[in-house]
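Novice: Enclosed is the structure file structure00.tsv (TSV, C-alpha atoms).
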```tsv
chain	number	residue	atom	x	y	z
A	1181	MET	CA	2.42	-24.04	6.77
A	1182	ASN	CA	0.67	-21.30	8.70
A	1183	ILE	CA	-1.80	-19.35	6.65
A	1184	ALA	CA	-2.07	-15.64	7.43
A	1185	GLN	CA	-5.66	-15.44	8.56
A	1186	SER	CA	-7.87	-12.42	8.86
A	1187	LYS	CA	-11.60	-11.98	9.17
A	1188	THR	CA	-11.85	-11.00	5.54
A	1189	ARG	CA	-9.69	-13.84	4.30
A	1190	THR	CA	-11.84	-16.33	6.20
A	1191	GLU	CA	-14.97	-14.82	4.71
A	1192	PHE	CA	-13.65	-14.47	1.16
A	1193	PRO	CA	-10.94	-17.12	0.91
A	1194	LEU	CA	-8.18	-17.21	-1.66
A	1195	SER	CA	-8.50	-20.17	-3.97
A	1196	THR	CA	-5.80	-22.82	-3.70
A	1197	LYS	CA	-5.89	-22.96	-7.50
A	1198	LYS	CA	-3.99	-19.67	-7.36
A	1199	VAL	CA	-0.81	-21.61	-6.54
A	1200	ILE	CA	-1.22	-23.82	-9.62
A	1201	LYS	CA	-2.09	-20.89	-11.83
A	1202	LYS	CA	0.87	-18.81	-10.71
A	1203	THR	CA	3.23	-21.75	-11.12
A	1204	ILE	CA	2.05	-22.40	-14.66
A	1205	ALA	CA	2.22	-18.72	-15.52
A	1206	SER	CA	5.80	-18.34	-14.39
A	1207	SER	CA	7.11	-21.68	-15.66
A	1208	LEU	CA	5.53	-21.19	-19.11
A	1209	THR	CA	7.90	-18.32	-19.80
A	1210	PHE	CA	10.88	-20.23	-18.43
A	1211	THR	CA	10.04	-23.35	-20.43
A	1212	CYS	CA	9.58	-21.37	-23.64
A	1213	ILE	CA	12.89	-19.57	-23.20
A	1214	SER	CA	14.80	-22.77	-22.45
A	1215	ILE	CA	13.21	-24.60	-25.40
A	1216	ILE	CA	14.17	-21.75	-27.72
A	1217	PHE	CA	17.68	-21.80	-26.27
A	1218	TRP	CA	17.88	-25.57	-26.71
A	1219	MET	CA	16.66	-25.39	-30.31
A	1220	PHE	CA	19.20	-22.70	-31.03
A	1221	THR	CA	22.10	-24.72	-29.62
A	1222	ALA	CA	20.72	-27.95	-31.09
A	1223	SER	CA	20.75	-26.52	-34.59
A	1224	THR	CA	24.42	-25.66	-34.27
A	1225	ILE	CA	25.13	-29.12	-32.85
A	1226	VAL	CA	23.31	-30.80	-35.72
A	1227	LEU	CA	25.67	-29.00	-38.07
A	1228	THR	CA	28.59	-30.75	-36.36
A	1229	LYS	CA	26.70	-34.11	-36.67
A	1230	ASP	CA	27.03	-35.06	-33.00
A	1231	SER	CA	23.71	-36.66	-32.07
A	1232	SER	CA	24.61	-37.61	-28.46
A	1233	ALA	CA	24.97	-33.91	-27.51
A	1234	PHE	CA	21.47	-33.39	-28.90
A	1235	VAL	CA	20.01	-35.92	-26.42
A	1236	THR	CA	22.12	-34.65	-23.51
A	1237	GLY	CA	20.74	-31.19	-24.16
A	1238	LEU	CA	17.21	-32.53	-24.00
A	1239	VAL	CA	17.90	-34.25	-20.64
A	1240	ILE	CA	19.48	-31.14	-19.16
A	1241	LEU	CA	16.53	-29.10	-20.38
A	1242	SER	CA	13.94	-31.34	-18.75
A	1243	VAL	CA	15.90	-31.46	-15.45
A	1244	LEU	CA	16.18	-27.68	-15.41
A	1245	VAL	CA	12.48	-27.23	-16.08
A	1246	THR	CA	11.56	-29.73	-13.34
A	1247	VAL	CA	13.78	-28.06	-10.76
A	1248	TYR	CA	12.40	-24.66	-11.70
A	1249	LEU	CA	8.86	-26.00	-11.45
A	1250	LEU	CA	9.46	-27.44	-7.97
A	1251	LEU	CA	11.05	-24.24	-6.69
A	1252	THR	CA	8.19	-22.18	-8.10
A	1253	VAL	CA	5.56	-24.39	-6.48
A	1254	LEU	CA	7.27	-24.03	-3.11
A	1255	TYR	CA	7.63	-20.28	-3.51
A	1256	GLN	CA	4.02	-19.86	-4.60
A	1257	MET	CA	2.79	-21.93	-1.65
A	1258	TRP	CA	4.78	-19.68	0.62
A	1259	TYR	CA	3.41	-16.61	-1.14
A	1260	TYR	CA	-0.11	-17.96	-0.80
A	1261	SER	CA	0.32	-18.59	2.91
A	1262	VAL	CA	1.59	-15.11	3.79
A	1263	TYR	CA	-0.93	-13.30	1.60
A	1264	PHE	CA	-2.84	-11.09	4.00
A	1265	TYR	CA	-5.81	-8.84	3.36
A	1266	ASP	CA	-8.27	-7.35	5.74
A	1267	LEU	CA	-11.12	-4.88	5.47
A	1268	THR	CA	-11.10	-3.13	8.83
A	1269	ASP	CA	-13.56	-0.48	9.93
A	1270	ASP	CA	-11.62	2.37	8.36
A	1271	TYR	CA	-8.99	0.92	6.06
A	1272	VAL	CA	-8.19	-1.75	3.55
A	1273	ILE	CA	-4.93	-3.46	4.46
A	1274	ILE	CA	-3.13	-5.67	1.95
A	1275	ARG	CA	0.20	-7.30	2.70
A	1276	LYS	CA	2.02	-9.64	0.38
A	1277	GLY	CA	5.46	-10.93	-0.50
A	1278	PRO	CA	7.19	-13.60	1.59
A	1279	ILE	CA	10.74	-12.31	1.18
A	1280	THR	CA	10.23	-8.61	0.58
A	1281	PRO	CA	6.92	-7.78	2.27
A	1282	THR	CA	4.94	-4.73	1.20
A	1283	GLU	CA	1.98	-3.57	3.22
A	1284	ILE	CA	-0.42	-1.00	1.84
A	1285	THR	CA	-3.13	0.72	3.85
A	1286	ILE	CA	-5.84	2.68	2.04
A	1287	PRO	CA	-8.72	4.51	3.75
A	1288	TYR	CA	-12.08	3.69	2.15
A	1289	GLU	CA	-12.64	7.37	1.32
A	1290	ARG	CA	-9.62	7.37	-0.96
A	1291	ILE	CA	-10.58	4.42	-3.08
A	1292	GLN	CA	-11.12	5.59	-6.64
A	1293	ASP	CA	-11.92	2.42	-8.38
A	1294	VAL	CA	-13.15	-1.10	-7.66
A	1295	TYR	CA	-12.92	-3.53	-10.52
A	1296	VAL	CA	-12.68	-7.22	-11.19
A	1297	ASP	CA	-10.69	-8.74	-14.03
A	1298	GLN	CA	-9.38	-12.03	-15.38
A	1299	ASP	CA	-6.52	-12.95	-17.64
A	1300	ILE	CA	-6.52	-16.04	-19.87
A	1301	LEU	CA	-5.21	-18.41	-17.20
A	1302	ASP	CA	-7.71	-16.96	-14.75
A	1303	ARG	CA	-10.49	-17.80	-17.23
A	1304	ILE	CA	-9.25	-21.39	-17.46
A	1305	PHE	CA	-9.11	-21.82	-13.69
A	1306	GLY	CA	-12.17	-19.70	-12.94
A	1307	LEU	CA	-10.30	-17.18	-10.86
A	1308	TYR	CA	-10.85	-13.44	-10.46
A	1309	ASP	CA	-8.67	-10.49	-9.45
A	1310	VAL	CA	-10.29	-7.73	-7.42
A	1311	HIS	CA	-8.55	-4.36	-7.67
A	1312	PHE	CA	-9.11	-1.31	-5.54
A	1313	SER	CA	-6.74	1.54	-6.06
A	1314	SER	CA	-6.41	5.04	-4.74
A	1315	ALA	CA	-5.07	7.89	-6.87
A	1316	THR	CA	-1.45	6.74	-6.68
A	1317	VAL	CA	0.49	4.55	-9.07
A	1318	SER	CA	1.87	2.30	-6.36
A	1319	SER	CA	-1.59	1.52	-5.04
A	1320	GLY	CA	-2.60	0.46	-8.53
A	1321	LEU	CA	0.27	-2.01	-8.50
A	1322	ALA	CA	-0.08	-3.24	-4.94
A	1323	ALA	CA	-3.72	-2.96	-3.97
A	1324	HIS	CA	-5.28	-5.98	-5.56
A	1325	ILE	CA	-6.34	-9.37	-4.37
A	1326	ASP	CA	-5.88	-11.99	-7.03
A	1327	GLY	CA	-6.94	-15.59	-7.16
A	1328	LEU	CA	-10.45	-15.46	-5.76
A	1329	GLU	CA	-13.25	-17.71	-6.92
A	1330	LYS	CA	-16.40	-16.19	-8.32
A	1331	LYS	CA	-18.41	-16.26	-5.11
A	1332	ALA	CA	-15.65	-14.72	-3.01
A	1333	ALA	CA	-14.79	-12.12	-5.67
A	1334	ASP	CA	-18.38	-10.99	-6.03
A	1335	GLY	CA	-18.88	-10.92	-2.27
A	1336	LEU	CA	-15.74	-8.92	-1.73
A	1337	LYS	CA	-16.66	-6.47	-4.47
A	1338	GLU	CA	-20.16	-5.99	-3.10
A	1339	LYS	CA	-18.90	-5.47	0.43
A	1340	MET	CA	-16.30	-3.03	-0.82
A	1341	LEU	CA	-18.76	-0.98	-2.87
A	1342	LYS	CA	-21.19	-0.89	0.02
A	1343	THR	CA	-18.57	0.28	2.53
A	1344	VAL	CA	-17.08	2.83	0.16
A	1345	SER	CA	-20.42	4.38	-0.74
A	1346	GLU	CA	-21.38	4.48	2.95
A	1347	LYS	CA	-18.12	6.17	3.82
A	1348	ILE	CA	-18.23	8.81	1.11
A	1349	SER	CA	-21.90	9.81	1.31
A	1350	LYS	CA	-21.90	13.14	3.08
A	1351	ARG	CA	-25.59	13.37	3.87
A	1352	ARG	CA	-26.93	10.36	5.61
A	1353	VAL	CA	-30.58	10.95	6.46
A	1354	PRO	CA	-31.36	8.38	9.16
A	1355	THR	CA	-34.19	6.02	8.40
A	1356	PRO	CA	-37.07	6.13	10.91
A	1357	PRO	CA	-38.14	3.06	12.87
A	1358	GLN	CA	-41.24	1.25	11.65
A	1359	TYR	CA	-44.33	2.65	13.40
B	103	MET	CA	-37.39	7.65	23.17
B	104	ASN	CA	-34.09	6.96	21.50
B	105	ASN	CA	-33.29	9.93	19.32
B	106	THR	CA	-29.54	9.67	19.08
B	107	GLU	CA	-29.63	8.88	15.37
B	108	ILE	CA	-31.68	11.92	14.48
B	109	ILE	CA	-29.66	14.15	16.84
B	110	GLU	CA	-26.42	13.09	15.23
B	111	PHE	CA	-27.88	13.92	11.83
B	112	ILE	CA	-28.99	17.38	12.95
B	113	LYS	CA	-25.56	18.07	14.41
B	114	SER	CA	-23.75	17.14	11.23
B	115	GLU	CA	-26.18	19.17	9.12
B	116	HIS	CA	-25.66	22.18	11.35
B	117	ALA	CA	-21.95	21.80	10.89
B	118	ASN	CA	-22.52	21.85	7.14
B	119	GLY	CA	-24.43	25.12	7.45
B	120	GLN	CA	-27.93	23.81	6.72
B	121	SER	CA	-30.82	25.86	8.07
B	122	HIS	CA	-33.47	24.64	10.49
B	123	GLU	CA	-36.18	24.32	7.81
B	124	GLU	CA	-34.00	22.36	5.42
B	125	ILE	CA	-33.14	19.83	8.10
B	126	VAL	CA	-36.79	19.46	9.12
B	127	ASN	CA	-37.83	19.03	5.49
B	128	SER	CA	-35.24	16.34	4.75
B	129	LEU	CA	-36.18	14.45	7.93
B	130	LEU	CA	-39.88	14.66	7.10
B	131	GLY	CA	-39.03	13.44	3.62
B	132	ALA	CA	-37.29	10.42	5.12
B	133	GLY	CA	-40.51	9.57	6.97
B	134	TRP	CA	-39.88	10.86	10.49
B	135	ARG	CA	-42.74	12.21	12.57
B	136	LYS	CA	-42.95	15.91	13.40
B	137	GLU	CA	-43.00	15.25	17.18
B	138	ASP	CA	-39.79	13.22	17.01
B	139	ILE	CA	-38.03	15.96	15.12
B	140	ASP	CA	-39.17	18.66	17.56
B	141	SER	CA	-38.15	16.65	20.60
B	142	ALA	CA	-34.77	15.99	19.00
B	143	PHE	CA	-34.27	19.71	18.47
B	144	ASN	CA	-35.24	20.35	22.09
B	145	THR	CA	-32.77	17.82	23.51
B	146	LEU	CA	-30.12	19.17	21.19
B	147	ASN	CA	-30.62	22.72	22.50
B	148	GLN	CA	-30.24	21.46	26.07
B	149	VAL	CA	-27.14	19.51	25.18
B	150	THR	CA	-25.47	22.40	23.39
B	151	SER	CA	-26.05	24.75	26.31
B	152	GLU	CA	-24.54	22.16	28.64
B	153	VAL	CA	-21.54	21.80	26.35
B	154	LEU	CA	-21.05	25.56	26.25
B	155	THR	CA	-20.97	25.84	30.02
B	156	SER	CA	-18.63	22.91	30.60
B	157	ASN	CA	-15.25	23.59	29.06
B	158	THR	CA	-14.20	20.51	27.15
B	159	PRO	CA	-10.44	20.07	27.24
B	160	LYS	CA	-8.86	20.10	23.80
B	161	VAL	CA	-7.04	16.96	22.74
B	162	VAL	CA	-3.34	17.68	22.55
B	163	HIS	CA	-1.26	15.43	20.34
B	164	ASN	CA	2.32	14.58	20.84
B	165	VAL	CA	4.35	15.84	17.94
B	166	VAL	CA	6.28	12.94	16.52
B	167	THR	CA	9.63	13.85	15.02
B	168	GLU	CA	12.65	12.04	13.69
B	169	LYS	CA	13.95	11.90	17.25
B	170	ASP	CA	11.16	9.53	18.24
B	171	TYR	CA	11.48	7.24	15.27
B	172	PRO	CA	15.00	7.80	13.99
B	173	ILE	CA	16.45	6.66	10.70
B	174	SER	CA	18.95	4.05	11.75
B	175	VAL	CA	22.66	4.44	11.06
B	176	LEU	CA	22.43	1.27	9.01
B	177	TRP	CA	20.71	3.27	6.29
B	178	ILE	CA	24.00	5.09	5.58
B	179	PHE	CA	25.68	1.80	4.81
B	180	LYS	CA	22.80	0.29	2.88
B	181	ALA	CA	23.79	1.49	-0.59
B	182	PRO	CA	27.54	0.87	-0.03
B	183	ILE	CA	26.90	-2.67	1.20
B	184	LEU	CA	24.68	-3.39	-1.79
B	185	ILE	CA	27.29	-1.98	-4.14
B	186	ILE	CA	30.02	-4.15	-2.62
B	187	LEU	CA	27.78	-7.22	-2.81
B	188	VAL	CA	26.90	-6.59	-6.45
B	189	SER	CA	30.56	-5.99	-7.28
B	190	ILE	CA	31.67	-9.20	-5.60
B	191	ILE	CA	29.01	-11.25	-7.35
B	192	ALA	CA	29.81	-9.62	-10.67
B	193	PHE	CA	33.53	-10.21	-10.12
B	194	PHE	CA	32.92	-13.96	-9.83
B	195	PHE	CA	31.38	-13.86	-13.27
B	196	GLY	CA	34.28	-11.89	-14.62
B	197	TYR	CA	32.66	-8.50	-14.82
B	198	TYR	CA	33.29	-5.36	-12.91
B	199	PHE	CA	31.49	-2.05	-12.90
B	200	PRO	CA	33.84	0.91	-12.31
B	201	PHE	CA	30.87	3.27	-12.00
B	202	LEU	CA	29.60	1.39	-8.98
B	203	LEU	CA	32.92	1.70	-7.18
B	204	ILE	CA	33.12	5.42	-7.93
B	205	LEU	CA	29.73	5.79	-6.25
B	206	LEU	CA	30.95	4.07	-3.09
B	207	PRO	CA	32.72	7.08	-1.49
B	208	VAL	CA	29.94	9.36	-2.77
B	209	TYR	CA	27.40	7.40	-0.78
B	210	LEU	CA	29.64	7.01	2.27
B	211	ILE	CA	30.32	10.75	2.51
B	212	GLY	CA	26.96	11.99	1.28
B	213	ASN	CA	24.60	9.76	3.22
B	214	PRO	CA	25.47	11.07	6.72
B	215	PHE	CA	24.79	14.61	5.50
B	216	ILE	CA	21.51	13.56	3.92
B	217	ARG	CA	20.52	11.76	7.09
B	218	ASN	CA	21.38	14.70	9.34
B	219	SER	CA	19.51	17.21	7.22
B	220	PHE	CA	16.38	15.09	7.05
B	221	HIS	CA	13.71	16.13	9.51
B	222	TYR	CA	10.07	15.30	9.80
B	223	SER	CA	7.44	16.12	12.34
B	224	THR	CA	3.72	15.54	12.66
B	225	GLU	CA	2.47	19.09	13.10
B	226	ASP	CA	-1.06	20.08	13.98
B	227	LYS	CA	-2.66	19.82	10.56
B	228	PHE	CA	0.29	19.06	8.33
B	229	PHE	CA	2.99	16.49	8.05
B	230	LEU	CA	6.09	18.67	7.93
B	231	LEU	CA	9.15	17.53	6.06
B	232	LYS	CA	12.51	19.26	5.79
B	233	GLN	CA	15.29	17.90	3.66
B	234	GLY	CA	18.22	18.78	1.51
B	235	VAL	CA	21.92	19.24	2.07
B	236	LEU	CA	22.66	22.02	-0.41
B	237	SER	CA	19.26	22.81	-1.87
B	238	LYS	CA	16.78	22.77	0.98
B	239	SER	CA	13.13	21.98	0.69
B	240	VAL	CA	10.27	22.08	3.14
B	241	ARG	CA	7.09	20.19	2.44
B	242	ASN	CA	3.78	20.51	4.21
B	243	LEU	CA	1.53	17.57	3.54
B	244	PRO	CA	-2.05	17.95	4.82
B	245	TYR	CA	-3.19	14.73	6.47
B	246	GLY	CA	-6.47	14.93	4.60
B	247	VAL	CA	-4.97	14.39	1.18
B	248	ILE	CA	-2.85	11.35	2.00
B	249	GLN	CA	-3.99	8.61	-0.32
B	250	ASN	CA	-2.33	5.56	1.10
B	251	VAL	CA	0.38	4.46	3.47
B	252	VAL	CA	2.84	1.72	2.56
B	253	VAL	CA	5.23	-0.18	4.80
B	254	LYS	CA	7.74	-2.17	2.82
B	255	GLN	CA	10.94	-4.11	3.28
B	256	ASP	CA	13.43	-5.23	0.68
B	257	ILE	CA	15.93	-8.04	1.13
B	258	PHE	CA	18.46	-5.82	2.90
B	259	ASP	CA	15.76	-4.43	5.21
B	260	ARG	CA	14.53	-7.94	5.97
B	261	VAL	CA	18.00	-9.11	6.98
B	262	PHE	CA	18.58	-6.16	9.30
B	263	GLY	CA	15.04	-5.83	10.61
B	264	ILE	CA	14.31	-2.37	9.26
B	265	ALA	CA	11.49	-1.07	7.09
B	266	SER	CA	10.54	1.97	5.00
B	267	LEU	CA	7.37	3.92	5.49
B	268	VAL	CA	5.96	5.57	2.38
B	269	VAL	CA	3.18	8.15	2.51
B	270	GLU	CA	1.62	9.11	-0.79
B	271	ASN	CA	-0.73	11.80	-2.00
B	272	ALA	CA	-2.14	12.39	-5.46
B	273	VAL	CA	0.28	15.04	-6.69
B	274	GLN	CA	1.47	14.63	-10.26
B	275	PRO	CA	5.20	14.10	-10.18
B	276	GLY	CA	6.90	16.76	-12.23
B	277	ASP	CA	6.12	20.01	-10.48
B	278	VAL	CA	7.75	18.65	-7.37
B	279	LYS	CA	11.40	18.11	-8.12
B	280	SER	CA	11.73	14.41	-8.68
B	281	LYS	CA	15.04	12.85	-7.90
B	282	GLN	CA	16.52	11.27	-10.98
B	283	LYS	CA	19.77	9.51	-10.39
B	284	SER	CA	22.24	8.64	-13.10
B	285	PHE	CA	21.36	5.04	-12.47
B	286	GLN	CA	19.45	3.28	-9.79
B	287	LEU	CA	20.07	-0.03	-8.17
B	288	ASP	CA	16.76	-1.77	-8.45
B	289	TRP	CA	17.08	-4.04	-5.47
B	290	GLY	CA	13.76	-5.17	-4.10
B	291	LYS	CA	11.52	-4.38	-7.04
B	292	THR	CA	10.16	-0.93	-6.31
B	293	SER	CA	12.58	1.26	-4.45
B	294	ALA	CA	16.13	2.37	-4.96
B	295	PRO	CA	18.12	1.82	-1.78
B	296	ASN	CA	18.64	5.52	-1.24
B	297	ASP	CA	15.03	6.53	-1.63
B	298	ILE	CA	14.57	9.14	1.07
B	299	GLY	CA	12.32	12.09	1.61
B	300	SER	CA	9.79	13.65	-0.71
B	301	SER	CA	10.06	12.94	-4.38
B	302	GLY	CA	7.11	13.30	-6.69
B	303	ASN	CA	3.97	12.21	-4.95
B	304	LYS	CA	5.59	10.24	-2.19
B	305	VAL	CA	7.35	10.85	1.06
B	306	SER	CA	9.49	7.94	2.09
B	307	ILE	CA	11.13	7.48	5.43
B	308	PRO	CA	13.61	4.63	5.13
B	309	GLY	CA	15.61	2.76	7.71
B	310	LEU	CA	13.05	2.76	10.50
B	311	LYS	CA	12.96	-0.19	12.82
B	312	LYS	CA	10.12	-2.52	11.85
B	313	LYS	CA	8.34	-1.85	15.14
B	314	ASP	CA	8.80	1.92	14.78
B	315	ALA	CA	7.50	1.87	11.23
B	316	GLU	CA	4.34	0.09	12.36
B	317	ALA	CA	3.84	2.52	15.25
B	318	PHE	CA	4.41	5.56	13.07
B	319	LYS	CA	2.00	4.17	10.49
B	320	THR	CA	-0.69	3.92	13.14
B	321	ILE	CA	-0.09	7.52	14.19
B	322	ILE	CA	-0.38	8.79	10.63
B	323	LEU	CA	-3.53	6.76	10.03
B	324	GLU	CA	-5.07	8.28	13.17
B	325	ARG	CA	-4.24	11.77	11.99
B	326	MET	CA	-5.67	11.05	8.56
B	327	LYS	CA	-8.93	10.01	10.15
B	328	GLU	CA	-9.01	13.05	12.37
B	329	TYR	CA	-8.24	15.69	9.77
B	330	GLU	CA	-10.39	14.24	7.09
B	331	ILE	CA	-11.20	16.71	4.33
B	332	ASP	CA	-14.88	17.35	3.70
B	333	ASP	CA	-14.86	16.74	-0.01
B	334	SER	CA	-14.37	13.18	-0.98
B	335	GLN	CA	-12.05	12.67	-3.91
B	336	SER	CA	-13.57	9.35	-4.69
B	337	GLY	CA	-16.02	9.31	-7.52
B	338	LEU	CA	-17.94	6.15	-6.64
```
Would you put the structure from the file into structure tokens?

Specialist:
Amino acid sequence: MNIAQSKTRTEFPLSTKKVIKKTIASSLTFTCISIIFWMFTASTIVLTKDSSAFVTGLVILSVLVTVYLLLTVLYQMWYYSVYFYDLTDDYVIIRKGPITPTEITIPYERIQDVYVDQDILDRIFGLYDVHFSSATVSSGLAAHIDGLEKKAADGLKEKMLKTVSEKISKRRVPTPPQY
Amino acid sequence: MNNTEIIEFIKSEHANGQSHEEIVNSLLGAGWRKEDIDSAFNTLNQVTSEVLTSNTPKVVHNVVTEKDYPISVLWIFKAPILIILVSIIAFFFGYYFPFLLILLPVYLIGNPFIRNSFHYSTEDKFFLLKQGVLSKSVRNLPYGVIQNVVVKQDIFDRVFGIASLVVENAVQPGDVKSKQKSFQLDWGKTSAPNDIGSSGNKVSIPGLKKKDAEAFKTIILERMKEYEIDDSQSGL
């Protein structure tokens, strides 16, 4: 599978653990819901004292979960491969979504906030999300790069802060050469 | 001696209305030598007189309007097609939504009017937007306050090779009339299929060809860079 490469993605690569993390995150919900559903139906079946239906339900449940898991892995691998981010001279460009692509372009001067966060699964896998948003709601939702390892996340954050502060400082007194 | 750095600094400070002494003081503070500063001022005086004598031609931009990057006719049929699809799928499961079917002629008749009354153009300093069939509105968006530019495609757009361009500023939605529909088809996560024109803090131009959307995005980004406002809104 072709991976969407950019200078920034080569320098601060996305971790492949992102695929595993995302898969677990999305299948956890699905598994929980189907187990609850199964327990609910099972309890009514137990009342009718038909134990074979109980086992059939369990088999169907595990098949469903496996299929869902496989589909999610494939989708997440696809998502991972089309994930594109680049810090150009003037803008940050982030493009994601294999089926419904969204591309956001933010000039460095408009970036309001640079922050790094982790959720519980991120803590387990040692992944970091780097957010940079402008003053709009949609940028808060779209303008983040998630699934970076510590080194890449810190590097990206540092580079970002450096570029942003360079871009927004109005008075740049040039430094003299060493005499 | 290479003085370009110091000359650039003096130029920008002049533009900001700093006096001669203030510039000299800040340069001395940064560790520059007095001779360097004086020679820079001398070259700058020569350069400015040269510039004054030679008339520099002003850059003239092409004004981009909806004629250059038109909203495709497909956009008219986007909502109706989605409605029919949803109805068919729902029908297989034994449901049907009468409201959806009532909307069908509304969209089919209304959309051509909306499309014809929608105009945009990239004016000198503002992005001009005219819209509205019955209640008209004109919006002037200064390039300097545009916060971000988004190009997005939903499933329908992907199939037909079109894309929407969304330009956003930091206005609080509320004082600009925000379009609230009785219900919205949430196809493709973020946008209703009929999302067009200015609503709240965003201006969306749907139904552009993918290539056109990219080209138009580049034009807007260039303008943003050119008409940058002096005050940065960023607090970092």

Novice: Within 12 Å of chain B, which residues of chain A show up when using all atoms listed in the file, listed as a PyMOL selection string?

Specialist: chain A and resi 1269-1295+1312-1323+1340-1359

Novice: Filtering to C-alpha atoms, could you give me those residues as a PDB file, keeping the file's coordinate frame?

Specialist:
```
ATOM      1  CA  ASP A1269     -13.560  -0.480   9.930  1.00  0.00           C
ATOM      2  CA  ASP A1270     -11.620   2.370   8.360  1.00  0.00           C
ATOM      3  CA  TYR A1271      -8.990   0.920   6.060  1.00  0.00           C
ATOM      4  CA  VAL A1272      -8.190  -1.750   3.550  1.00  0.00           C
ATOM      5  CA  ILE A1273      -4.930  -3.460   4.460  1.00  0.00           C
ATOM      6  CA  ILE A1274      -3.130  -5.670   1.950  1.00  0.00           C
ATOM      7  CA  ARG A1275       0.200  -7.300   2.700  1.00  0.00           C
ATOM      8  CA  LYS A1276       2.020  -9.640   0.380  1.00  0.00           C
ATOM      9  CA  GLY A1277       5.460 -10.930  -0.500  1.00  0.00           C
ATOM     10  CA  PRO A1278       7.190 -13.600   1.590  1.00  0.00           C
ATOM     11  CA  ILE A1279      10.740 -12.310   1.180  1.00  0.00           C
ATOM     12  CA  THR A1280      10.230  -8.610   0.580  1.00  0.00           C
ATOM     13  CA  PRO A1281       6.920  -7.780   2.270  1.00  0.00           C
ATOM     14  CA  THR A1282       4.940  -4.730   1.200  1.00  0.00           C
ATOM     15  CA  GLU A1283       1.980  -3.570   3.220  1.00  0.00           C
ATOM     16  CA  ILE A1284      -0.420  -1.000   1.840  1.00  0.00           C
ATOM     17  CA  THR A1285      -3.130   0.720   3.850  1.00  0.00           C
ATOM     18  CA  ILE A1286      -5.840   2.680   2.040  1.00  0.00           C
ATOM     19  CA  PRO A1287      -8.720   4.510   3.750  1.00  0.00           C
ATOM     20  CA  TYR A1288     -12.080   3.690   2.150  1.00  0.00           C
ATOM     21  CA  GLU A1289     -12.640   7.370   1.320  1.00  0.00           C
ATOM     22  CA  ARG A1290      -9.620   7.370  -0.960  1.00  0.00           C
ATOM     23  CA  ILE A1291     -10.580   4.420  -3.080  1.00  0.00           C
ATOM     24  CA  GLN A1292     -11.120   5.590  -6.640  1.00  0.00           C
ATOM     25  CA  ASP A1293     -11.920   2.420  -8.380  1.00  0.00           C
ATOM     26  CA  VAL A1294     -13.150  -1.100  -7.660  1.00  0.00           C
ATOM     27  CA  TYR A1295     -12.920  -3.530 -10.520  1.00  0.00           C
ATOM     28  CA  PHE A1312      -9.110  -1.310  -5.540  1.00  0.00           C
ATOM     29  CA  SER A1313      -6.740   1.540  -6.060  1.00  0.00           C
ATOM     30  CA  SER A1314      -6.410   5.040  -4.740  1.00  0.00           C
ATOM     31  CA  ALA A1315      -5.070   7.890  -6.870  1.00  0.00           C
ATOM     32  CA  THR A1316      -1.450   6.740  -6.680  1.00  0.00           C
ATOM     33  CA  VAL A1317       0.490   4.550  -9.070  1.00  0.00           C
ATOM     34  CA  SER A1318       1.870   2.300  -6.360  1.00  0.00           C
ATOM     35  CA  SER A1319      -1.590   1.520  -5.040  1.00  0.00           C
ATOM     36  CA  GLY A1320      -2.600   0.460  -8.530  1.00  0.00           C
ATOM     37  CA  LEU A1321       0.270  -2.010  -8.500  1.00  0.00           C
ATOM     38  CA  ALA A1322      -0.080  -3.240  -4.940  1.00  0.00           C
ATOM     39  CA  ALA A1323      -3.720  -2.960  -3.970  1.00  0.00           C
ATOM     40  CA  MET A1340     -16.300  -3.030  -0.820  1.00  0.00           C
ATOM     41  CA  LEU A1341     -18.760  -0.980  -2.870  1.00  0.00           C
ATOM     42  CA  LYS A1342     -21.190  -0.890   0.020  1.00  0.00           C
ATOM     43  CA  THR A1343     -18.570   0.280   2.530  1.00  0.00           C
ATOM     44  CA  VAL A1344     -17.080   2.830   0.160  1.00  0.00           C
ATOM     45  CA  SER A1345     -20.420   4.380  -0.740  1.00  0.00           C
ATOM     46  CA  GLU A1346     -21.380   4.480   2.950  1.00  0.00           C
ATOM     47  CA  LYS A1347     -18.120   6.170   3.820  1.00  0.00           C
ATOM     48  CA  ILE A1348     -18.230   8.810   1.110  1.00  0.00           C
ATOM     49  CA  SER A1349     -21.900   9.810   1.310  1.00  0.00           C
ATOM     50  CA  LYS A1350     -21.900  13.140   3.080  1.00  0.00           C
ATOM     51  CA  ARG A1351     -25.590  13.370   3.870  1.00  0.00           C
ATOM     52  CA  ARG A1352     -26.930  10.360   5.610  1.00  0.00           C
ATOM     53  CA  VAL A1353     -30.580  10.950   6.460  1.00  0.00           C
ATOM     54  CA  PRO A1354     -31.360   8.380   9.160  1.00  0.00           C
ATOM     55  CA  THR A1355     -34.190   6.020   8.400  1.00  0.00           C
ATOM     56  CA  PRO A1356     -37.070   6.130  10.910  1.00  0.00           C
ATOM     57  CA  PRO A1357     -38.140   3.060  12.870  1.00  0.00           C
ATOM     58  CA  GLN A1358     -41.240   1.250  11.650  1.00  0.00           C
ATOM     59  CA  TYR A1359     -44.330   2.650  13.400  1.00  0.00           C
TER      60      TYR A1359
END
```

Novice: Can you tell me which residues surround Phe228 in chain B at a distance of at most 7 Å, considering only C-alpha atoms, apart from same-chain residues fewer than 6 positions away, and format the answer as a PyMOL selection string?

Specialist: chain B and resi 242-245

Novice: Report, in Å with one decimal, the straight-line distance from CA of Trp1258 in chain A to CA of Ala1184 in chain A.

Specialist: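 Spanning CA of Trp1258 in chain A to CA of Ala1184 in chain A is a straight-line distance of 10.5 Å.
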